[in-house]
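*Asks:* Structure below; questions to follow.
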Amino acid sequence: MSNLKGGKRNKWYLILGILFLVYGIYRLYTHLTAAEIDNFGLILAVGFIIFGIYDLFRYFKKV
């Protein structure tokens, strides 16, 4: 027997990571092309992008 820990990757990390990344990029794009500028929208968009990248990192590194 082998003592290697071969964990199964959680597909929800991949799905949510892609969704958060796409939604964050969309929010950032609409924020940058809008006539009115609000800082909360920018912070929210960057937060979604960072969280999406983190979820994708967790999926591919199996953290």
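Here's how to read the names in the structure tokens: chain A, B, ... by the order shown, residue numbers from 1 in each chain, ligand numbers from 1 in the order shown.
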Near Leu16 (chain A), within 10 Å and counting only C-alpha atoms, which residues show up once chain neighbours fewer than 4 positions away are dropped, as a PyMOL selection string?
*Replies:* chain A and resi 11-12+20-22+51-53+55-56
*Asks:* Could you list, as a compact mmCIF listing (two decimals) with C-alpha atoms, in the first residue's frame, every residue within 7 Å of region 41-46 of chain A, counting only C-alpha atoms and ignoring same-chain residues fewer than 3 positions away?
*Replies:*
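Saved to out-v2.txt:
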# COMPACT_ATOMS: atom_id res chain seq x y z
CA GLY A 24 -15.39 40.36 -11.54
CA ILE A 25 -13.94 41.14 -14.96
CA ARG A 27 -17.99 44.38 -13.22
CA LEU A 28 -14.57 45.96 -13.70
CA HIS A 31 -17.09 50.22 -13.99
CA ASP A 38 -18.10 54.77 -7.53
CA ILE A 49 -11.40 38.80 -9.31
CA ILE A 50 -9.08 38.04 -6.37
*Asks:* What is the distance, in Å and to one decimal place, between CA of Lys62 (chain A) and CA of Asn10 (chain A)?
*Replies:* 8.1 Å
*Asks:* Quick one: pull the distance between CA of Phe57 (chain A) and CA of Thr30 (chain A), Å, one decimal.
*Replies:*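 Result for CA of Phe57 (chain A) versus CA of Thr30 (chain A): 25.6 Å, one decimal.
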*Asks:* Quick check, in Å to one decimal: how far apart do CA of Ile15 (chain A) and CA of Lys61 (chain A) lie?
*Replies:*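 Going from CA of Ile15 (chain A) over to CA of Lys61 (chain A), I get 15.0 Å.
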*Asks:* Got a sec to tell me which of chain A DSSP assigns to alpha helix (DSSP H), as a VMD selection string?
*Replies:* chain A and resid 11 to 33 39 to 61
*Asks:* Dump C-alpha atoms for the selected residues as a compact mmCIF listing (two decimals), in the first residue's frame?
*Replies:*
# COMPACT_ATOMS: atom_id res chain seq x y z
CA LYS A 11 -15.10 20.70 -8.84
CA TRP A 12 -16.90 23.53 -7.02
CA TYR A 13 -13.60 25.38 -6.59
CA LEU A 14 -13.18 25.31 -10.36
CA ILE A 15 -16.77 26.32 -11.13
CA LEU A 16 -16.92 29.11 -8.56
CA GLY A 17 -13.44 30.32 -9.45
CA ILE A 18 -14.37 30.72 -13.09
CA LEU A 19 -17.71 32.35 -12.25
CA PHE A 20 -16.18 34.83 -9.79
CA LEU A 21 -13.38 35.68 -12.20
CA VAL A 22 -15.72 36.27 -15.15
CA TYR A 23 -18.19 38.27 -13.05
CA GLY A 24 -15.39 40.36 -11.54
CA ILE A 25 -13.94 41.14 -14.96
CA TYR A 26 -17.42 42.06 -16.21
CA ARG A 27 -17.99 44.38 -13.22
CA LEU A 28 -14.57 45.96 -13.70
CA TYR A 29 -15.24 46.51 -17.41
CA THR A 30 -18.63 48.11 -16.76
CA HIS A 31 -17.09 50.22 -13.99
CA LEU A 32 -14.34 51.51 -16.26
CA THR A 33 -16.73 52.32 -19.12
CA ASN A 39 -15.34 53.31 -5.43
CA PHE A 40 -17.49 50.57 -3.92
CA GLY A 41 -18.11 49.03 -7.37
CA LEU A 42 -14.39 49.03 -8.08
CA ILE A 43 -13.56 47.39 -4.75
CA LEU A 44 -16.28 44.80 -5.29
CA ALA A 45 -15.03 43.97 -8.79
CA VAL A 46 -11.43 43.58 -7.63
CA GLY A 47 -12.61 41.43 -4.72
CA PHE A 48 -14.46 39.08 -7.07
CA ILE A 49 -11.40 38.80 -9.31
CA ILE A 50 -9.08 38.04 -6.37
CA PHE A 51 -11.47 35.50 -4.90
CA GLY A 52 -11.86 33.83 -8.33
CA ILE A 53 -8.11 33.55 -8.73
CA TYR A 54 -7.83 32.14 -5.20
CA ASP A 55 -10.50 29.50 -5.92
CA LEU A 56 -8.75 28.47 -9.13
CA PHE A 57 -5.45 28.28 -7.25
CA ARG A 58 -7.06 26.04 -4.62
CA TYR A 59 -8.45 23.80 -7.34
CA PHE A 60 -5.20 23.34 -9.22
CA LYS A 61 -2.97 23.07 -6.12
